[in-house]
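Q: Right, I'll just put the structure down here and ask away after.
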Amino acid sequence: MLEVTHLQKLYRTAETSFEALRDVHFTVAPGEFVCLVGPSGSGKTTLLKCMAGLMKPTSGTVRVADKAVAGPPEGLALVFQEYGRSLFPWLRIAENVELPLKELKIPGKERGARVAEALAHVGLENSARSYPWQLSGGMQQRVAIARAIAYRPDVLLMDEPFAAVDAQTRADLEDLVREIWRDLKITTLFVTHDIDEAVYLAERVIVLSSTPTIVQREMIIDLPSERDQLSTRALPRFSELRHDLYAEIQKAKTHSALTLTA
Amino acid sequence: MSNRLDTLPTFEVRVNTSALSRRRFRARGRATNTLLGCAGLLTVALIAQFLAPLGIVRAQDLPPTTVILAAFIDLLGEATMWMAVYDTIYVWAIGLVVASVAGIVVGVLLGSSEPLRRATSSTVEFLRPIPSVALVPLVVLVFGPRYESALVLVIYAAFWQVLVQTVYGVADVDPVVADTARSYRFSRWGVMRYVIWPTALPFVMTGIRLAATVALVLTVTAQLIIGTPGLGQSIALAESGGANARMYALVLITGLLGLAVNIVVRLVEKRVLAWHMSFRKDASE
Ligand SMILES: Nc1ncnc2c1ncn2[C@@H]1O[C@H](COP(=O)(O)OP(=O)(O)OP(=O)(O)O)[C@@H](O)[C@H]1O
Ligand SMILES: [Mg+2]
């Protein structure tokens, strides 16, 4: 479903050139839930923007549903790291969710139904007529998620979506994302820097190195697919995976394409 | 989906009590301001009343307030005065509308195209500081003492106000919002209509508010200098005819018109930007 092939990204200015991504290479199967982890500044957002067609890679290609990405591809939704700023402040919550559907020229009646369904999905049916700035951070994030699922994407990219919410809300949102993924069978790529979150959510975890970045390791998360905040996190296997991933990320902090491929 | 509400805490829209009390406080502040303004006006009126009788100024230069007020009341009954008011509002309104539309269209174009902005910036920086009044000889030459002359001056002056604000407004689009629209594959028109326009609107409204005042000043000035019909011309006629009380009364009417223009524009701005006002109020906490 998602194919990232030898992706390289240089940030160039007049005098300087900074190699964020060196040679990033991985695939995500249809309907898979993959978490992408890596040290801060390792190029996760850069990678997602290249995949979403918002940024041109220096070399290499991205394919979404077997089509090479040139601009923002059809059927792909991206939930931004700065979710608060990605909502349209002049539109009410329901209108925020509805606008991309309007642009898709979906008839009004179906739009209304999809918006209501998506808002119910994230537990925000009572806030439909509020403005974004009247909501808490966690609620705003759920609006961004509702907007993405109302769009009915085949591929959902999420960039550290829960970085700014409290622990309880975070746990709720994690379950919400798992539930949406399972119910709607959306291929999901989820960026996080939280080790527990990655292990709890994913079927597979991709670990990025420091810059210049390559894929340092892929880990299969062989936990039962029914997950639960208390019992899953209490499994011995969860601790093992968590331990492995922790070690891997510690390593990633000091390793890059320069040391790993030497 | 029904168990969603059990697992997620239900949130309600925050009822912002502090916003309510702040609004009350602000209302009180506004009342005090109005009161102060009235007191100041009254003081000036009172002083003016006694300047001539005390021999400080000549009565024909500055008649006592009561005489001016009497002339004012006389004027209210004159059809020609209302005709002058109508002419003034007419030129002002047409000028403002034309300038606003032109300013918005050009502003959006320049604002959304960096190369275009760079190509025109020196021209803009050259033309913008030219005071409208400096164009009087030119328009008189072209149109003579007709209302088109006034109109051109008004449009010229008001246009820049709207243009500059619109360009700022368009540049103010949040890159994350722009990327969001792009990733949801908004059409070019969709981006314009749903992203650029709402972002620029508060700036555009500020531009129009400034332009409204400038337009009125220029309307009256053109009538005074060129003699196109309207309040400015009436003032000039009263002055040359030695009817000074009448002239002051006309100035008073012009002032009231300015006040009305300001109030109307602010009301419109408030309505158009309802979401924005509360957004900013909340954000500034
Ligand atoms: N526009 C830019 N110009 C130059 N360098 C950039 C630009 N954007 C990002 N970078 C650099 O590229 C690297 C990767 O940035 P990116 O935002 O993709 O990291 P990230 O993994 O998302 O980090 P975080 O976990 O903190 O969100 C960083 O070192 C950053 O300094
Ligand atoms: Mg990032």
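So you can find residues: chains in the structure tokens are A, B, ... in the order shown, residues in each start at 1, and ligands are numbered from 1 in order.
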Given a cut-off of 10 Å, what residues near ligand 2 show up using only C-alpha atoms and all ligand atoms, put as a count of residues only?
A: 21
Q: I want to know what sits within 12 Å of Arg147 of chain A, based on only C-alpha atoms, with residues of the same chain fewer than 2 positions away left out; could you give that as a PyMOL selection string?
A: (chain A and resi 77-80+83+86-88+93-102+111+114-122+124+128+140-145+149-153+156) or (chain B and resi 180-181+184)
Q: How many Å lie between atom CA of Gly258 of chain B and atom CA of Ser100 of chain B, rounded to one decimal?
A: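 So the answer is 18.3 Å.
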Q: Please compute the atom CA of Trp90 of chain A-atom CA of Pro132 of chain A distance, one decimal, in Å.
A: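 Between atom CA of Trp90 of chain A and atom CA of Pro132 of chain A the gap is 8.3 Å.
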Q: Please identify which residues in segment 57-249 of chain A DSSP calls strand (DSSP E) from the backbone, and express them as a ChimeraX atom specification.
A: /A:59-64,67-68,76-79,155-159,187-191,204-208,213-220
Q: Which one is closest to ligand 1: A:Trp181, A:Phe190, A:Tyr200, A:Phe26? Count only C-alpha atoms and all ligand atoms.
A: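 Nearest candidate to ligand 1 out of A:Trp181, A:Phe190, A:Tyr200, A:Phe26: A:Phe190.
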Q: Residues near Thr169 of chain A, anyone? I mean within 7 Å using only C-alpha atoms, not counting same-chain ones fewer than 4 positions away, as JSON, numbers by chain.
A: {"A": [138, 165, 173]}
Q: Can you spit out the residues from that selection as a PDB file, in the first residue's frame, using N, CA and C atoms?
A:
```pdb
ATOM      1  N   GLY A 138      -6.886  18.091  23.785  1.00  0.00           N
ATOM      2  CA  GLY A 138      -7.270  16.716  23.442  1.00  0.00           C
ATOM      3  C   GLY A 138      -8.489  16.678  22.536  1.00  0.00           C
ATOM      4  N   VAL A 165      -1.103  15.923  24.869  1.00  0.00           N
ATOM      5  CA  VAL A 165      -2.286  15.695  25.707  1.00  0.00           C
ATOM      6  C   VAL A 165      -1.907  14.924  26.965  1.00  0.00           C
ATOM      7  N   LEU A 173      -7.230   8.152  23.500  1.00  0.00           N
ATOM      8  CA  LEU A 173      -7.033   8.395  22.069  1.00  0.00           C
ATOM      9  C   LEU A 173      -6.327   7.219  21.396  1.00  0.00           C
TER      10      LEU A 173
END
```
Q: From segment 59-89 of chain A, collect each residue whose DSSP state is helix (DSSP H, G or I) and return the set as a PDB file with all heavy atoms, in the first residue's frame.
A:
```pdb
ATOM      1  N   TYR A  83      -1.673  19.919  15.515  1.00  0.00           N
ATOM      2  CA  TYR A  83      -3.080  19.767  15.160  1.00  0.00           C
ATOM      3  C   TYR A  83      -3.879  21.035  15.432  1.00  0.00           C
ATOM      4  O   TYR A  83      -4.783  21.382  14.703  1.00  0.00           O
ATOM      5  CB  TYR A  83      -3.696  18.583  15.915  1.00  0.00           C
ATOM      6  CG  TYR A  83      -3.499  18.689  17.403  1.00  0.00           C
ATOM      7  CD1 TYR A  83      -4.376  19.421  18.181  1.00  0.00           C
ATOM      8  CD2 TYR A  83      -2.408  18.096  18.017  1.00  0.00           C
ATOM      9  CE1 TYR A  83      -4.171  19.551  19.533  1.00  0.00           C
ATOM     10  CE2 TYR A  83      -2.203  18.213  19.367  1.00  0.00           C
ATOM     11  CZ  TYR A  83      -3.083  18.947  20.120  1.00  0.00           C
ATOM     12  OH  TYR A  83      -2.873  19.088  21.445  1.00  0.00           O
ATOM     13  N   GLY A  84      -3.527  21.748  16.527  1.00  0.00           N
ATOM     14  CA  GLY A  84      -4.289  22.946  16.877  1.00  0.00           C
ATOM     15  C   GLY A  84      -4.290  23.937  15.737  1.00  0.00           C
ATOM     16  O   GLY A  84      -5.312  24.546  15.419  1.00  0.00           O
ATOM     17  N   ARG A  85      -3.129  24.067  15.097  1.00  0.00           N
ATOM     18  CA  ARG A  85      -3.024  25.035  14.009  1.00  0.00           C
ATOM     19  C   ARG A  85      -3.583  24.500  12.706  1.00  0.00           C
ATOM     20  O   ARG A  85      -3.746  25.251  11.759  1.00  0.00           O
ATOM     21  CB  ARG A  85      -1.555  25.433  13.820  1.00  0.00           C
ATOM     22  CG  ARG A  85      -1.089  26.451  14.842  1.00  0.00           C
ATOM     23  CD  ARG A  85       0.406  26.593  14.829  1.00  0.00           C
ATOM     24  NE  ARG A  85       0.898  27.003  13.524  1.00  0.00           N
ATOM     25  CZ  ARG A  85       2.143  26.818  13.099  1.00  0.00           C
ATOM     26  NH1 ARG A  85       3.013  26.187  13.878  1.00  0.00           N
ATOM     27  NH2 ARG A  85       2.521  27.243  11.930  1.00  0.00           N
ATOM     28  N   SER A  86      -3.844  23.184  12.637  1.00  0.00           N
ATOM     29  CA  SER A  86      -4.325  22.650  11.364  1.00  0.00           C
ATOM     30  C   SER A  86      -5.850  22.724  11.249  1.00  0.00           C
ATOM     31  O   SER A  86      -6.400  22.472  10.196  1.00  0.00           O
ATOM     32  CB  SER A  86      -3.822  21.223  11.147  1.00  0.00           C
ATOM     33  OG  SER A  86      -4.804  20.292  11.504  1.00  0.00           O
TER      34      SER A  86
END
```
Q: Set the distance at 12 Å and use only C-alpha atoms: which residues neighbour Glu248 of chain A once local chain neighbours fewer than 6 positions away are removed? I'd like the list as a list in words.
A: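 Near neighbours after the sequence-gap exclusion: Val37, Gly38, Pro39, Ile195, Val205, Ile206, Val207, Leu208, Ser209, Ser210, Val215, Gln216, Arg217, Glu218, Met219, Leu241, Arg242, Thr254 and His255 of chain A.
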Q: Excluding same-chain residues fewer than 2 positions from Arg233 of chain A, what lies within 12 Å of it counting only C-alpha atoms, as an mmCIF file with N, CA and C atoms, in the first residue's frame?
A:
```
data_model
loop_
_atom_site.group_PDB
_atom_site.id
_atom_site.type_symbol
_atom_site.label_atom_id
_atom_site.label_comp_id
_atom_site.auth_asym_id
_atom_site.auth_seq_id
_atom_site.Cartn_x
_atom_site.Cartn_y
_atom_site.Cartn_z
ATOM 1 N N ALA A 171 -4.294 7.788 26.587
ATOM 2 C CA ALA A 171 -4.689 6.371 26.585
ATOM 3 C C ALA A 171 -6.008 6.207 25.831
ATOM 4 N N ILE A 195 7.904 5.101 23.413
ATOM 5 C CA ILE A 195 8.168 3.677 23.206
ATOM 6 C C ILE A 195 6.951 2.827 23.562
ATOM 7 N N ASP A 196 6.352 3.110 24.714
ATOM 8 C CA ASP A 196 5.173 2.341 25.151
ATOM 9 C C ASP A 196 4.050 2.459 24.138
ATOM 10 N N GLU A 197 3.859 3.673 23.658
ATOM 11 C CA GLU A 197 2.790 3.919 22.710
ATOM 12 C C GLU A 197 3.010 3.119 21.431
ATOM 13 N N ALA A 198 4.255 3.122 20.961
ATOM 14 C CA ALA A 198 4.575 2.400 19.727
ATOM 15 C C ALA A 198 4.280 0.919 19.889
ATOM 16 N N VAL A 199 4.723 0.333 21.002
ATOM 17 C CA VAL A 199 4.520 -1.102 21.209
ATOM 18 C C VAL A 199 3.032 -1.412 21.389
ATOM 19 N N TYR A 200 2.336 -0.546 22.106
ATOM 20 C CA TYR A 200 0.917 -0.782 22.371
ATOM 21 C C TYR A 200 0.090 -0.728 21.086
ATOM 22 N N LEU A 201 0.448 0.203 20.190
ATOM 23 C CA LEU A 201 -0.401 0.432 19.022
ATOM 24 C C LEU A 201 -0.093 -0.480 17.836
ATOM 25 N N LEU A 223 2.038 -9.079 19.617
ATOM 26 C CA LEU A 223 1.092 -9.091 20.732
ATOM 27 C C LEU A 223 -0.277 -9.444 20.173
ATOM 28 N N PRO A 224 -1.169 -9.993 21.034
ATOM 29 C CA PRO A 224 -2.524 -10.299 20.552
ATOM 30 C C PRO A 224 -3.192 -9.050 19.982
ATOM 31 N N GLU A 226 -6.293 -8.077 20.057
ATOM 32 C CA GLU A 226 -7.176 -7.391 21.009
ATOM 33 C C GLU A 226 -6.310 -6.746 22.079
ATOM 34 N N ARG A 227 -6.273 -5.432 22.116
ATOM 35 C CA ARG A 227 -5.391 -4.802 23.093
ATOM 36 C C ARG A 227 -6.171 -4.008 24.106
ATOM 37 N N ASP A 228 -5.608 -3.931 25.278
ATOM 38 C CA ASP A 228 -6.300 -3.303 26.388
ATOM 39 C C ASP A 228 -5.254 -2.599 27.241
ATOM 40 N N GLN A 229 -5.552 -1.383 27.612
ATOM 41 C CA GLN A 229 -4.544 -0.574 28.304
ATOM 42 C C GLN A 229 -3.934 -1.295 29.500
ATOM 43 N N LEU A 230 -4.767 -1.999 30.292
ATOM 44 C CA LEU A 230 -4.224 -2.632 31.498
ATOM 45 C C LEU A 230 -3.581 -3.974 31.198
ATOM 46 N N SER A 231 -4.348 -4.883 30.576
ATOM 47 C CA SER A 231 -3.824 -6.244 30.452
ATOM 48 C C SER A 231 -2.695 -6.345 29.421
ATOM 49 N N LEU A 235 1.482 -7.655 30.004
ATOM 50 C CA LEU A 235 2.032 -8.902 29.457
ATOM 51 C C LEU A 235 3.558 -8.909 29.535
ATOM 52 N N PRO A 236 4.139 -10.086 29.838
ATOM 53 C CA PRO A 236 5.607 -10.187 29.847
ATOM 54 C C PRO A 236 6.196 -9.828 28.478
ATOM 55 N N ARG A 237 5.487 -10.236 27.417
ATOM 56 C CA ARG A 237 5.977 -9.963 26.063
ATOM 57 C C ARG A 237 6.033 -8.455 25.797
ATOM 58 N N PHE A 238 5.078 -7.736 26.357
ATOM 59 C CA PHE A 238 5.057 -6.278 26.208
ATOM 60 C C PHE A 238 6.345 -5.679 26.784
ATOM 61 N N SER A 239 6.710 -6.141 27.961
ATOM 62 C CA SER A 239 7.927 -5.622 28.597
ATOM 63 C C SER A 239 9.155 -5.952 27.774
ATOM 64 N N GLU A 240 9.204 -7.177 27.248
ATOM 65 C CA GLU A 240 10.341 -7.576 26.419
ATOM 66 C C GLU A 240 10.487 -6.660 25.206
ATOM 67 N N LEU A 241 9.357 -6.490 24.502
ATOM 68 C CA LEU A 241 9.377 -5.658 23.294
ATOM 69 C C LEU A 241 9.767 -4.220 23.635
ATOM 70 N N ARG A 242 9.216 -3.752 24.721
ATOM 71 C CA ARG A 242 9.480 -2.406 25.186
ATOM 72 C C ARG A 242 10.966 -2.235 25.464
#
```
Q: Need the shell around Val140 of chain B: protein/DNA/RNA residues with any atom at most 12 Å away, counting only C-alpha atoms. Skip same-chain ones fewer than 6 positions apart. Format as a list in words?
A: Val133, Ala134, Arg146, Tyr147, Glu148, Ser149, Ala150, Leu151, Val152, Leu153, Ala222, Gln223, Ile225, Ile226, Gly227 and Thr228 of chain B
Q: List the spatial neighbours of Ala178 of chain B as a PyMOL selection string - criterion: any atom at most 9 Å away, only C-alpha atoms, same-chain residues fewer than 3 positions off excluded.
A: (chain A and resi 86) or (chain B and resi 173-175+181-183+191+195-196)
Q: For the atom pair atom 27 (O, counted along the ligand's line) of ligand 1 and atom CA of Thr16 of chain A, what is the interatomic distance in Å to one decimal place?
A: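 Answer for the atom 27 (O, counted along the ligand's line) of ligand 1 to atom CA of Thr16 of chain A separation: 21.3 Å.
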Q: Considering only C-alpha atoms and all ligand atoms, can you say which of A:Leu260, A:Ile214, A:Ala148, A:Ala70 comes closest to ligand 1?
A: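 The answer is A:Ile214, which sits nearest to ligand 1.
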Q: Here is a test: counting only C-alpha atoms and all ligand atoms, which residue of A:Cys50, A:Leu189, A:Ile106, A:Met139 is nearest to ligand 1?
A: A:Cys50
